[in-house]
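*Asks:* Take this structure first; my questions come after.
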Amino acid sequence: MTTGTPHRPPAGWEATAMNPIVLGYDGSDFSVQALDWALDEAELRKLPLTLAHAWQWPYGKAEEDAKAHLRKAAEHVLWHGADCARHTSSGVDVSTDLHEGPAAERLVELSHDAALVVVGSRGLSTLSRAVMGSVARHVAAHAYCPVIVVRGPGPLPAATNPGPIVVIDREADSSVLEFAFEEAILRRLPLAHSTDLAAWVARHPGVRVQRATGHEAATLMIVSRKRAARAGIAGSLLQHAPCPVAVVG
């Protein structure tokens with residue numbers, strides 16, 4: 001069980017074949033839903049999975065015995081999630097990271113050495129959106145790798161009639177398109193975009209590309225982190241999208 005802080009990656013760092021999928025896990029129904037997606041990504045990409053759980057004493061100064069009790073509870077939450085992951089996956093290497101401190105900051109730290117970070121949403125109520133925003137929005141804005149915020153009704157990622165991978169950016173950069181085509185290939189789904197992608201289609205002949213109309217029942221929506229920050233659309237997507245949202249770049 002890891003408790004240290006990972007080093008900052010050197011300039012020019014890129015994800016390698018063994019960088020893990022990192023999941024922010026707190027034992028809630030929403031994080032269990034995110035676990036399903038993270039396991040699917042790990043299986044499709046043949047990568048290890050790290051379940052990360054953060055805890056902290058919320059009432060100021062505390063006796064060590066009280067903090068030890070809270071830590072024990074956090075260990076149980078993390079152990080239970082890892083146990084579920086190991087019993088439901090197809091050979092995914094599952095590890096854990098228990099951290100004392102803010103969850104959002106820890107997930108950003110772990111993103112230095114991650115291929116992908118997955119977090120769950122907190123539902124649709126005003127209070128739930130506020131709680132989700134304190135973690136998912138911060139991680140989506142500051143992570144050093146792509147982030148998928150898992151939201152939407154029902155079991156994920158499997159669906160009876162899965163929709164396409166939808167790229168939100170009209171002028172998506174290469175990092176967004178690379179991630180989008182990779183997801184489309186892994187999940188054997190079409191990719192929807194509002195502009196012509198002829199050059200990318202030529203490089204990925206197995207992916208069916210269709211024109212995005214804005215009405216697709218998407219399996220995953222993808223947006224550039226830079227464009228989302230400039231246009232202020234990330235918050236709206238993370239609150240209202242009917243499916244998981246990937247923030248890339």
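Following the order of the structure tokens, first chain is A, next is B, and so on, with residues numbered from 1 inside each chain and ligands from 1 in the order they appear.
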Which neighbours of A:Ser28 fall inside 10 Å, counting only C-alpha atoms, when residues of the same chain fewer than 3 positions from it are skipped, and could you give them as a list in words?
*Replies:*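 Returned residues: Tyr25, Ser31, Val32, Gln33, Ala34, Val77, Gly120 and Arg122 of chain A.
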*Asks:* Could you dump the residues just selected with C-alpha atoms as a CSV table (one decimal), in the first residue's frame?
*Replies:*
```
chain,number,residue,atom,x,y,z
A,25,TYR,CA,-12.4,5.2,-5.1
A,31,SER,CA,-17.2,5.1,-7.4
A,32,VAL,CA,-18.3,1.5,-7.8
A,33,GLN,CA,-19.7,2.6,-11.2
A,34,ALA,CA,-16.4,4.3,-12.0
A,77,VAL,CA,-13.0,0.8,2.1
A,120,GLY,CA,-17.0,9.0,-10.5
A,122,ARG,CA,-21.9,12.4,-7.6
```
*Asks:* Looking only at alpha helix (DSSP H) from DSSP on the backbone, list the matching residues of stretch 96-207 of chain A as a short mmCIF file (atom, residue, chain, number, x, y, z; two decimals) with N, CA and C atoms, in the first residue's frame.
*Replies:*
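The resulting file, states-v4.cif, is shown below:
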```
data_model
loop_
_atom_site.label_atom_id
_atom_site.label_comp_id
_atom_site.auth_asym_id
_atom_site.auth_seq_id
_atom_site.Cartn_x
_atom_site.Cartn_y
_atom_site.Cartn_z
N ALA A 103 -8.28 14.34 -1.47
CA ALA A 103 -8.35 13.35 -2.56
C ALA A 103 -7.96 13.96 -3.90
N ALA A 104 -8.43 15.17 -4.18
CA ALA A 104 -8.17 15.78 -5.48
C ALA A 104 -6.67 15.98 -5.71
N GLU A 105 -5.99 16.47 -4.68
CA GLU A 105 -4.55 16.71 -4.82
C GLU A 105 -3.79 15.41 -5.02
N ARG A 106 -4.21 14.36 -4.31
CA ARG A 106 -3.53 13.08 -4.45
C ARG A 106 -3.70 12.50 -5.85
N LEU A 107 -4.92 12.61 -6.40
CA LEU A 107 -5.15 12.08 -7.74
C LEU A 107 -4.34 12.83 -8.79
N VAL A 108 -4.17 14.14 -8.61
CA VAL A 108 -3.32 14.90 -9.52
C VAL A 108 -1.87 14.44 -9.40
N GLU A 109 -1.40 14.19 -8.17
CA GLU A 109 -0.04 13.67 -7.97
C GLU A 109 0.13 12.34 -8.70
N LEU A 110 -0.84 11.45 -8.52
CA LEU A 110 -0.74 10.12 -9.14
C LEU A 110 -0.83 10.20 -10.66
N SER A 111 -1.47 11.25 -11.17
CA SER A 111 -1.61 11.38 -12.63
C SER A 111 -0.27 11.58 -13.32
N THR A 126 -28.08 19.43 -6.50
CA THR A 126 -27.19 20.58 -6.32
C THR A 126 -26.05 20.25 -5.37
N LEU A 127 -26.37 19.61 -4.24
CA LEU A 127 -25.34 19.24 -3.28
C LEU A 127 -24.39 18.23 -3.89
N SER A 128 -24.92 17.24 -4.61
CA SER A 128 -24.07 16.22 -5.21
C SER A 128 -23.11 16.83 -6.21
N ARG A 129 -23.60 17.79 -7.02
CA ARG A 129 -22.72 18.43 -8.00
C ARG A 129 -21.61 19.20 -7.31
N ALA A 130 -21.93 19.81 -6.17
CA ALA A 130 -20.91 20.57 -5.44
C ALA A 130 -19.83 19.65 -4.93
N VAL A 131 -20.21 18.49 -4.38
CA VAL A 131 -19.24 17.52 -3.88
C VAL A 131 -18.40 16.98 -5.03
N MET A 132 -19.06 16.62 -6.12
CA MET A 132 -18.34 16.10 -7.28
C MET A 132 -17.34 17.13 -7.79
N HIS A 138 -11.44 19.49 -10.22
CA HIS A 138 -10.03 19.82 -9.96
C HIS A 138 -9.12 18.85 -10.70
N VAL A 139 -9.44 17.57 -10.63
CA VAL A 139 -8.60 16.56 -11.29
C VAL A 139 -8.66 16.74 -12.80
N ALA A 140 -9.86 16.96 -13.35
CA ALA A 140 -9.99 17.14 -14.80
C ALA A 140 -9.21 18.34 -15.29
N ALA A 141 -9.14 19.39 -14.47
CA ALA A 141 -8.45 20.61 -14.88
C ALA A 141 -6.94 20.54 -14.73
N HIS A 142 -6.44 19.73 -13.78
CA HIS A 142 -5.02 19.80 -13.42
C HIS A 142 -4.23 18.51 -13.64
N SER A 174 -4.37 17.11 -31.75
CA SER A 174 -3.96 15.73 -32.01
C SER A 174 -4.12 14.83 -30.79
N SER A 175 -3.88 15.37 -29.58
CA SER A 175 -3.99 14.53 -28.38
C SER A 175 -5.42 14.07 -28.17
N VAL A 176 -6.39 14.95 -28.44
CA VAL A 176 -7.81 14.59 -28.31
C VAL A 176 -8.18 13.53 -29.34
N LEU A 177 -7.78 13.74 -30.58
CA LEU A 177 -8.14 12.80 -31.64
C LEU A 177 -7.45 11.45 -31.45
N GLU A 178 -6.20 11.46 -31.00
CA GLU A 178 -5.52 10.19 -30.74
C GLU A 178 -6.26 9.40 -29.68
N PHE A 179 -6.67 10.08 -28.60
CA PHE A 179 -7.40 9.41 -27.54
C PHE A 179 -8.75 8.92 -28.05
N ALA A 180 -9.44 9.74 -28.84
CA ALA A 180 -10.75 9.37 -29.36
C ALA A 180 -10.68 8.15 -30.27
N PHE A 181 -9.72 8.15 -31.18
CA PHE A 181 -9.59 7.00 -32.08
C PHE A 181 -9.18 5.76 -31.31
N GLU A 182 -8.33 5.91 -30.31
CA GLU A 182 -7.92 4.77 -29.50
C GLU A 182 -9.12 4.16 -28.79
N GLU A 183 -9.98 5.01 -28.18
CA GLU A 183 -11.17 4.51 -27.52
C GLU A 183 -12.12 3.83 -28.51
N ALA A 184 -12.26 4.42 -29.69
CA ALA A 184 -13.14 3.84 -30.71
C ALA A 184 -12.64 2.46 -31.14
N ILE A 185 -11.32 2.34 -31.30
CA ILE A 185 -10.75 1.05 -31.68
C ILE A 185 -10.92 0.03 -30.57
N LEU A 186 -10.58 0.42 -29.33
CA LEU A 186 -10.68 -0.51 -28.21
C LEU A 186 -12.11 -0.99 -28.00
N ARG A 187 -13.08 -0.09 -28.13
CA ARG A 187 -14.47 -0.43 -27.85
C ARG A 187 -15.26 -0.83 -29.10
N ALA A 198 -10.63 13.15 -42.61
CA ALA A 198 -10.16 12.24 -43.66
C ALA A 198 -8.75 11.73 -43.39
N ALA A 199 -7.85 12.61 -42.98
CA ALA A 199 -6.46 12.18 -42.75
C ALA A 199 -6.39 11.17 -41.62
N TRP A 200 -7.18 11.36 -40.57
CA TRP A 200 -7.18 10.44 -39.44
C TRP A 200 -7.85 9.12 -39.81
N VAL A 201 -8.88 9.19 -40.63
CA VAL A 201 -9.56 7.97 -41.08
C VAL A 201 -8.61 7.10 -41.89
N ALA A 202 -7.78 7.75 -42.71
CA ALA A 202 -6.82 7.01 -43.52
C ALA A 202 -5.83 6.26 -42.65
N ARG A 203 -5.50 6.84 -41.50
CA ARG A 203 -4.55 6.19 -40.59
C ARG A 203 -5.23 5.15 -39.71
#
```
*Asks:* Would you pick out the contacts of A:Arg86 at 12 Å or less, using only C-alpha atoms, so that residues sharing its chain but fewer than 6 positions from it are not included, and give the list as a count of residues only?
*Replies:* 16
*Asks:* Where does DSSP see strand (DSSP E) in stretch 132-187 of chain A, if you list the residues as a list in words?
*Replies:*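 The strand (DSSP E) subset of stretch 132-187 of chain A is Val147, Ile148, Val149, Val150, Ile165, Val166 and Val167 of chain A.
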*Asks:* Keeping only N, CA, C and O atoms, take the residues you just selected and write them out as an mmCIF file, in the first residue's frame.
*Replies:*
```cif
data_model
loop_
_atom_site.group_PDB
_atom_site.id
_atom_site.type_symbol
_atom_site.label_atom_id
_atom_site.label_comp_id
_atom_site.auth_asym_id
_atom_site.auth_seq_id
_atom_site.Cartn_x
_atom_site.Cartn_y
_atom_site.Cartn_z
ATOM 1 N N VAL A 147 -8.372 12.313 -18.207
ATOM 2 C CA VAL A 147 -9.250 12.016 -17.070
ATOM 3 C C VAL A 147 -10.634 11.655 -17.609
ATOM 4 O O VAL A 147 -11.171 12.365 -18.465
ATOM 5 N N ILE A 148 -11.200 10.561 -17.110
ATOM 6 C CA ILE A 148 -12.575 10.215 -17.456
ATOM 7 C C ILE A 148 -13.431 10.360 -16.210
ATOM 8 O O ILE A 148 -13.168 9.729 -15.179
ATOM 9 N N VAL A 149 -14.443 11.213 -16.304
ATOM 10 C CA VAL A 149 -15.426 11.372 -15.238
ATOM 11 C C VAL A 149 -16.626 10.520 -15.612
ATOM 12 O O VAL A 149 -17.298 10.784 -16.612
ATOM 13 N N VAL A 150 -16.868 9.483 -14.833
ATOM 14 C CA VAL A 150 -17.924 8.522 -15.150
ATOM 15 C C VAL A 150 -19.231 9.002 -14.549
ATOM 16 O O VAL A 150 -19.347 9.201 -13.350
ATOM 17 N N ILE A 165 -18.303 7.238 -29.882
ATOM 18 C CA ILE A 165 -17.382 8.104 -29.158
ATOM 19 C C ILE A 165 -17.529 9.486 -29.801
ATOM 20 O O ILE A 165 -17.313 9.630 -31.009
ATOM 21 N N VAL A 166 -17.906 10.479 -29.030
ATOM 22 C CA VAL A 166 -18.193 11.806 -29.591
ATOM 23 C C VAL A 166 -17.124 12.806 -29.172
ATOM 24 O O VAL A 166 -16.868 12.989 -27.972
ATOM 25 N N VAL A 167 -16.495 13.451 -30.150
ATOM 26 C CA VAL A 167 -15.515 14.506 -29.884
ATOM 27 C C VAL A 167 -16.246 15.842 -29.883
ATOM 28 O O VAL A 167 -16.866 16.230 -30.882
#
```
*Asks:* When distances are computed from only C-alpha atoms, which of A:Gly60, A:Gly27, A:Pro205, A:Pro242 shows the smallest separation from A:Glu75?
*Replies:* A:Gly27
*Asks:* For atom CA of A:Pro20 and atom CA of A:Ala114, determine how far apart the two atoms are, in Å to one decimal place.
*Replies:*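 Value for the atom CA of A:Pro20-atom CA of A:Ala114 distance: 5.1 Å.
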*Asks:* From the list A:Ile21, A:Ala192, A:Val248, A:Thr219, which residue is nearest A:Arg45 when using only C-alpha atoms?
*Replies:*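 Ranked by minimum distance to A:Arg45, first place goes to A:Ile21.
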*Asks:* Which one of A:Asp83, A:Glu171, A:Asp40, A:Asp113 sits closest to A:Ala143 if you count only C-alpha atoms?
*Replies:* A:Asp113
*Asks:* Grab the atom CA of A:Trp37 to atom CA of A:Ser194 distance for me, in Å with one decimal place.
*Replies:*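 Computing it gives 26.1 Å between the two atoms.
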*Asks:* Looking at A:Leu116, A:Val207, A:Ala82, A:Ala246, which one is nearest to A:Met221, with distances taken over only C-alpha atoms?
*Replies:*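 The closest residue to A:Met221 is A:Ala246.
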